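Participant: Structure file query_12.pdb (PDB, C-alpha atoms) right here:
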```
MODEL        1
ATOM      1  CA  GLN A   1     118.775  94.985 100.645  1.00  0.00           C
ATOM      2  CA  PRO A   2     117.144  96.164 103.890  1.00  0.00           C
ATOM      3  CA  ASP A   3     115.790  99.706 104.128  1.00  0.00           C
ATOM      4  CA  PRO A   4     118.202 101.795 106.257  1.00  0.00           C
ATOM      5  CA  PHE A   5     115.231 103.816 107.531  1.00  0.00           C
ATOM      6  CA  ALA A   6     113.031 100.817 108.463  1.00  0.00           C
ATOM      7  CA  ALA A   7     113.582 101.269 112.209  1.00  0.00           C
ATOM      8  CA  GLU A   8     112.729 104.985 111.950  1.00  0.00           C
ATOM      9  CA  TRP A   9     109.523 104.220 110.038  1.00  0.00           C
ATOM     10  CA  ARG A  10     108.581 101.559 112.571  1.00  0.00           C
ATOM     11  CA  GLU A  11     109.129 103.994 115.474  1.00  0.00           C
ATOM     12  CA  ARG A  12     106.651 106.460 113.968  1.00  0.00           C
ATOM     13  CA  TYR A  13     104.096 103.759 113.199  1.00  0.00           C
ATOM     14  CA  VAL A  14     104.291 102.533 116.804  1.00  0.00           C
ATOM     15  CA  ARG A  15     103.574 106.092 118.030  1.00  0.00           C
ATOM     16  CA  LEU A  16     100.452 106.153 115.873  1.00  0.00           C
ATOM     17  CA  ALA A  17      99.222 102.704 116.936  1.00  0.00           C
ATOM     18  CA  GLY A  18      95.494 102.798 117.601  1.00  0.00           C
ATOM     19  CA  THR A  19      94.946 105.836 115.387  1.00  0.00           C
ATOM     20  CA  PRO A  20      92.391 104.856 112.731  1.00  0.00           C
ATOM     21  CA  LEU A  21      93.555 107.385 110.132  1.00  0.00           C
ATOM     22  CA  PHE A  22      97.152 108.540 109.801  1.00  0.00           C
ATOM     23  CA  ALA A  23      99.925 109.524 107.430  1.00  0.00           C
ATOM     24  CA  VAL A  24     103.681 109.522 107.949  1.00  0.00           C
ATOM     25  CA  ILE A  25     105.965 111.472 105.632  1.00  0.00           C
ATOM     26  CA  ARG A  26     109.749 111.277 105.581  1.00  0.00           C
ATOM     27  CA  GLN A  27     110.644 114.635 104.183  1.00  0.00           C
ATOM     28  CA  ASP A  28     113.463 115.416 101.796  1.00  0.00           C
ATOM     29  CA  SER A  29     114.261 118.658  99.979  1.00  0.00           C
ATOM     30  CA  GLY A  30     111.857 117.800  97.135  1.00  0.00           C
ATOM     31  CA  THR A  31     108.961 117.267  99.538  1.00  0.00           C
ATOM     32  CA  ALA A  32     109.701 120.544 101.314  1.00  0.00           C
ATOM     33  CA  SER A  33     109.733 122.591  98.106  1.00  0.00           C
ATOM     34  CA  ALA A  34     106.524 120.895  96.879  1.00  0.00           C
ATOM     35  CA  LEU A  35     104.780 121.762 100.167  1.00  0.00           C
ATOM     36  CA  ALA A  36     106.045 125.352  99.978  1.00  0.00           C
ATOM     37  CA  GLN A  37     104.379 125.728  96.566  1.00  0.00           C
ATOM     38  CA  GLN A  38     100.966 124.646  97.917  1.00  0.00           C
ATOM     39  CA  THR A  39     100.249 127.576 100.215  1.00  0.00           C
ATOM     40  CA  PRO A  40      96.611 128.727 100.260  1.00  0.00           C
ATOM     41  CA  GLY A  41      95.647 131.928  98.493  1.00  0.00           C
ATOM     42  CA  GLY A  42      99.172 132.577  97.322  1.00  0.00           C
ATOM     43  CA  PHE A  43     100.348 133.315 100.879  1.00  0.00           C
ATOM     44  CA  ARG A  44     104.107 132.976 101.119  1.00  0.00           C
ATOM     45  CA  SER A  45     106.278 133.034 104.218  1.00  0.00           C
ATOM     46  CA  PRO A  46     109.952 132.357 103.519  1.00  0.00           C
ATOM     47  CA  GLN A  47     110.650 132.022 107.267  1.00  0.00           C
ATOM     48  CA  LEU A  48     107.890 129.445 107.770  1.00  0.00           C
ATOM     49  CA  ALA A  49     108.902 127.600 104.582  1.00  0.00           C
ATOM     50  CA  ALA A  50     112.527 127.455 105.794  1.00  0.00           C
ATOM     51  CA  LEU A  51     111.444 126.024 109.160  1.00  0.00           C
ATOM     52  CA  LEU A  52     109.116 123.480 107.557  1.00  0.00           C
ATOM     53  CA  ALA A  53     111.962 122.421 105.242  1.00  0.00           C
ATOM     54  CA  GLN A  54     113.969 121.464 108.349  1.00  0.00           C
ATOM     55  CA  LEU A  55     111.376 118.889 109.421  1.00  0.00           C
ATOM     56  CA  ARG A  56     112.647 115.377 108.816  1.00  0.00           C
ATOM     57  CA  TRP A  57     109.342 113.650 109.582  1.00  0.00           C
ATOM     58  CA  ILE A  58     105.730 114.775 109.474  1.00  0.00           C
ATOM     59  CA  SER A  59     103.004 112.671 111.092  1.00  0.00           C
ATOM     60  CA  ILE A  60      99.285 113.384 110.915  1.00  0.00           C
ATOM     61  CA  GLY A  61      96.663 111.368 112.757  1.00  0.00           C
ATOM     62  CA  ALA A  62      92.913 111.669 113.166  1.00  0.00           C
ATOM     63  CA  LYS A  63      90.769 109.855 115.698  1.00  0.00           C
ATOM     64  CA  PRO A  64      87.094 110.213 116.631  1.00  0.00           C
ATOM     65  CA  ASP A  65      86.579 111.432 120.191  1.00  0.00           C
ATOM     66  CA  GLY A  66      82.876 111.488 121.024  1.00  0.00           C
ATOM     67  CA  ASN A  67      81.280 113.810 118.462  1.00  0.00           C
ATOM     68  CA  LEU A  68      84.642 115.424 117.618  1.00  0.00           C
ATOM     69  CA  LEU A  69      87.423 114.430 115.264  1.00  0.00           C
ATOM     70  CA  ARG A  70      90.724 114.978 117.076  1.00  0.00           C
ATOM     71  CA  VAL A  71      93.555 115.752 114.662  1.00  0.00           C
ATOM     72  CA  VAL A  72      97.220 115.671 115.652  1.00  0.00           C
ATOM     73  CA  ALA A  73      99.930 116.951 113.316  1.00  0.00           C
ATOM     74  CA  GLU A  74     103.551 116.628 114.366  1.00  0.00           C
ATOM     75  CA  GLY A  75     106.755 117.709 112.674  1.00  0.00           C
ATOM     76  CA  GLU A  76     110.134 116.388 113.838  1.00  0.00           C
ATOM     77  CA  CYS A  77     113.450 118.159 113.499  1.00  0.00           C
ATOM     78  CA  GLU A  78     116.898 117.873 115.042  1.00  0.00           C
ATOM     79  CA  SER A  79     117.293 121.426 116.344  1.00  0.00           C
ATOM     80  CA  GLU A  80     115.789 122.881 119.495  1.00  0.00           C
ATOM     81  CA  ALA A  81     115.971 126.355 117.917  1.00  0.00           C
ATOM     82  CA  THR A  82     113.861 125.165 114.964  1.00  0.00           C
ATOM     83  CA  MET A  83     111.366 123.595 117.373  1.00  0.00           C
ATOM     84  CA  ARG A  84     111.025 126.831 119.359  1.00  0.00           C
ATOM     85  CA  GLN A  85     110.760 129.070 116.287  1.00  0.00           C
ATOM     86  CA  LEU A  86     108.196 126.857 114.581  1.00  0.00           C
ATOM     87  CA  SER A  87     106.145 126.637 117.771  1.00  0.00           C
ATOM     88  CA  ASP A  88     106.182 130.439 118.111  1.00  0.00           C
ATOM     89  CA  ILE A  89     105.190 131.007 114.472  1.00  0.00           C
ATOM     90  CA  LEU A  90     102.333 128.490 114.618  1.00  0.00           C
ATOM     91  CA  SER A  91     101.038 130.024 117.856  1.00  0.00           C
ATOM     92  CA  GLY A  92     101.181 133.441 116.209  1.00  0.00           C
ATOM     93  CA  ILE A  93      99.306 132.205 113.138  1.00  0.00           C
ATOM     94  CA  LEU A  94      96.543 130.858 115.389  1.00  0.00           C
ATOM     95  CA  LEU A  95      96.195 134.245 117.119  1.00  0.00           C
ATOM     96  CA  LEU A  96      96.194 136.137 113.811  1.00  0.00           C
ATOM     97  CA  ALA A  97      93.581 133.786 112.350  1.00  0.00           C
ATOM     98  CA  GLN A  98      91.296 134.298 115.364  1.00  0.00           C
ATOM     99  CA  GLY A  99      91.752 138.058 115.071  1.00  0.00           C
ATOM    100  CA  GLY A 100      90.978 137.942 111.366  1.00  0.00           C
ATOM    101  CA  LEU A 101      87.818 135.915 111.913  1.00  0.00           C
ATOM    102  CA  ASN A 102      86.671 138.441 114.524  1.00  0.00           C
ATOM    103  CA  GLY A 103      87.217 141.418 112.199  1.00  0.00           C
ATOM    104  CA  ALA A 104      84.202 143.391 110.984  1.00  0.00           C
ATOM    105  CA  ASP A 105      84.953 142.675 107.309  1.00  0.00           C
ATOM    106  CA  THR A 106      85.106 138.909 107.878  1.00  0.00           C
ATOM    107  CA  ARG A 107      81.978 138.980 110.036  1.00  0.00           C
ATOM    108  CA  SER A 108      80.054 140.625 107.186  1.00  0.00           C
ATOM    109  CA  LYS A 109      81.370 138.358 104.397  1.00  0.00           C
ATOM    110  CA  LEU A 110      81.630 134.915 105.998  1.00  0.00           C
ATOM    111  CA  ASP A 111      78.642 132.765 106.918  1.00  0.00           C
ATOM    112  CA  ALA A 112      78.152 133.114 110.698  1.00  0.00           C
ATOM    113  CA  GLN A 113      77.915 129.353 111.324  1.00  0.00           C
ATOM    114  CA  LEU A 114      81.057 128.665 109.266  1.00  0.00           C
ATOM    115  CA  ARG A 115      82.918 131.490 111.026  1.00  0.00           C
ATOM    116  CA  GLU A 116      81.931 130.090 114.432  1.00  0.00           C
ATOM    117  CA  GLY A 117      83.049 126.603 113.334  1.00  0.00           C
ATOM    118  CA  TYR A 118      86.447 127.979 112.335  1.00  0.00           C
ATOM    119  CA  LEU A 119      86.726 129.824 115.652  1.00  0.00           C
ATOM    120  CA  GLU A 120      85.912 126.623 117.573  1.00  0.00           C
ATOM    121  CA  LEU A 121      88.673 124.831 115.674  1.00  0.00           C
ATOM    122  CA  LEU A 122      91.178 127.618 116.375  1.00  0.00           C
ATOM    123  CA  ARG A 123      90.222 127.814 120.065  1.00  0.00           C
ATOM    124  CA  SER A 124      90.735 124.071 120.427  1.00  0.00           C
ATOM    125  CA  ALA A 125      94.185 124.205 118.805  1.00  0.00           C
ATOM    126  CA  ASP A 126      97.092 123.505 121.113  1.00  0.00           C
ATOM    127  CA  VAL A 127     100.696 123.937 119.954  1.00  0.00           C
ATOM    128  CA  GLN A 128     103.124 121.776 121.952  1.00  0.00           C
ATOM    129  CA  LYS A 129     106.879 121.277 121.968  1.00  0.00           C
ATOM    130  CA  VAL A 130     108.028 117.677 122.406  1.00  0.00           C
ATOM    131  CA  ASP A 131     111.655 116.850 123.233  1.00  0.00           C
ATOM    132  CA  ARG A 132     112.529 113.191 122.751  1.00  0.00           C
ATOM    133  CA  GLY A 133     116.252 113.725 123.238  1.00  0.00           C
ATOM    134  CA  SER A 134     117.481 112.791 119.760  1.00  0.00           C
ATOM    135  CA  SER A 135     114.606 114.584 118.040  1.00  0.00           C
ATOM    136  CA  LYS A 136     112.552 117.669 118.739  1.00  0.00           C
ATOM    137  CA  SER A 137     108.952 118.017 117.611  1.00  0.00           C
ATOM    138  CA  VAL A 138     106.229 120.577 117.289  1.00  0.00           C
ATOM    139  CA  ARG A 139     102.775 119.097 117.698  1.00  0.00           C
ATOM    140  CA  VAL A 140      99.497 120.809 116.886  1.00  0.00           C
ATOM    141  CA  VAL A 141      96.335 119.213 118.284  1.00  0.00           C
ATOM    142  CA  PHE A 142      92.902 120.468 117.268  1.00  0.00           C
ATOM    143  CA  ASP A 143      89.298 119.309 117.180  1.00  0.00           C
ATOM    144  CA  VAL A 144      87.052 119.325 114.129  1.00  0.00           C
ATOM    145  CA  THR A 145      83.535 119.834 115.475  1.00  0.00           C
ATOM    146  CA  PRO A 146      80.199 118.816 113.974  1.00  0.00           C
ATOM    147  CA  LYS A 147      79.352 122.527 113.713  1.00  0.00           C
ATOM    148  CA  LEU A 148      82.333 123.108 111.418  1.00  0.00           C
ATOM    149  CA  LEU A 149      81.514 120.098 109.233  1.00  0.00           C
ATOM    150  CA  GLN A 150      77.843 121.059 108.941  1.00  0.00           C
ATOM    151  CA  ALA A 151      78.677 124.690 108.190  1.00  0.00           C
ATOM    152  CA  ALA A 152      81.264 123.726 105.582  1.00  0.00           C
ATOM    153  CA  LYS A 153      78.787 121.394 103.909  1.00  0.00           C
ATOM    154  CA  ALA A 154      76.089 124.084 103.892  1.00  0.00           C
ATOM    155  CA  ALA A 155      78.503 126.726 102.572  1.00  0.00           C
ATOM    156  CA  ARG A 156      79.622 124.678  99.553  1.00  0.00           C
ATOM    157  CA  PRO A 157      78.572 126.056  96.174  1.00  0.00           C
ATOM    158  CA  PRO A 158      75.981 123.907  94.378  1.00  0.00           C
ATOM    159  CA  ALA A 159      77.364 121.121  92.182  1.00  0.00           C
ATOM    160  CA  GLY A 160      78.257 122.307  88.708  1.00  0.00           C
ATOM    161  CA  THR A 161      78.948 125.867  89.836  1.00  0.00           C
ATOM    162  CA  ALA A 162      82.331 127.113  88.710  1.00  0.00           C
ATOM    163  CA  THR A 163      84.483 128.697  91.383  1.00  0.00           C
ATOM    164  CA  PRO A 164      87.103 131.200  90.155  1.00  0.00           C
ATOM    165  CA  VAL A 165      90.629 130.127  91.038  1.00  0.00           C
ATOM    166  CA  GLY A 166      92.676 133.190  90.180  1.00  0.00           C
ATOM    167  CA  PRO A 167      92.221 136.822  89.285  1.00  0.00           C
ATOM    168  CA  GLY A 168      89.565 137.463  86.679  1.00  0.00           C
ATOM    169  CA  PRO A 169      90.259 138.971  83.275  1.00  0.00           C
ATOM    170  CA  SER A 170      91.469 142.545  83.344  1.00  0.00           C
ATOM    171  CA  HIS A 171      89.554 145.124  81.348  1.00  0.00           C
TER     172      HIS A 171
ENDMDL
END
```
If you took the structure in this file and wrote it as structure tokens, what would it be?
Facilitator:
Amino acid sequence: QPDPFAAEWRERYVRLAGTPLFAVIRQDSGTASALAQQTPGGFRSPQLAALLAQLRWISIGAKPDGNLLRVVAEGECESEATMRQLSDILSGILLLAQGGLNGADTRSKLDAQLREGYLELLRSADVQKVDRGSSKSVRVVFDVTPKLLQAAKAARPPAGTATPVGPGPSH
């Protein structure tokens, strides 16, 4: 029996043609709830989770561009309102992240080279709205720079060092 979604899969693969590394996800309610549970540092945003749950397709591609790795993440939905809201939230997150990295507390605690690498990534990020008629998308394009990769490698704890995952024991 033929896959009823074969043409939809093919359409997304054609868009990613020439991209050496990519992933395409057809999202259902199970995928959305699994993604919502994987937020970093316990951060939860019901509004963002609700918008992400409305994405029918998620595509991620990465392609070398000179000494950069250009990453494109795109989420497709059916509603223009969802597209606008998600675009606004992602743009806001980028601004808040830049502000946080420029704060005095972060400057004192985070390795300067790693912090600058993160800032380069955030400055390169571009949130776009794409209207294809039958589907609406929010696309985020950003560049991973050599500085970020080198700083992340240098900032890793030595092998065999345990990194605490949650709160320590209470006394």
Participant: On this file, the PyMOL selection byres ((chain A and resi 114-121) around 12) gives some set of residues; write that set as a PyMOL selection string.
Facilitator: chain A and resi 68-71+94-113+122-126+140-156
Participant: For the file shown, what are the residues hit by the PyMOL selection byres ((chain A and resi 22) around 9), laid out as a list in words?
Facilitator: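 Output of the PyMOL selection byres ((chain A and resi 22) around 9): Leu16, Thr19, Pro20, Leu21, Ala23, Val24, Ser59, Ile60, Gly61, Ala62 and Lys63 of chain A.
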Participant: Please evaluate the PyMOL selection byres ((chain A and resi 81) around 12) against the structure above and give the resulting residues as a list in words.
Facilitator: Leu51, Gln54, Cys77, Glu78, Ser79, Glu80, Thr82, Met83, Arg84, Gln85, Leu86, Ser87, Asp88, Lys129, Asp131, Ser135, Lys136, Ser137 and Val138 of chain A
Participant: Considering all atoms listed in the file, state which residue in the set A:Asp28, A:Glu74, A:Asp3, A:Asp65 is at the smallest distance from A:Ala53.
Facilitator: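 Closest residue, counting all atoms listed in the file: A:Asp28.
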Participant: Please indicate the distance in Å from atom CA of A:Leu48 to atom CA of A:Ala73, rounded to one decimal place.
Facilitator: 15.8 Å
Participant: So what do you get for atom CA of A:Leu55 versus atom CA of A:Arg139, distance-wise?
Facilitator: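 So the answer is 11.9 Å.
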Participant: What separation in Å, quoted to one decimal, exists between atom CA of A:Phe5 and atom CA of A:Ala49?
Facilitator: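 Result for atom CA of A:Phe5 versus atom CA of A:Ala49: 24.8 Å, one decimal.
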Participant: Taking all atoms of stretch 129-144 of chain A that the file lists, what box with edges along x, y and z, padded by 5 Å per side, do you get, with centre and edge lengths in Å to one decimal, as AutoDock Vina command-line options?
Facilitator:
```
--center_x 102.3 --center_y 117.0 --center_z 118.7 --size_x 40.4 --size_y 18.5 --size_z 19.1
```
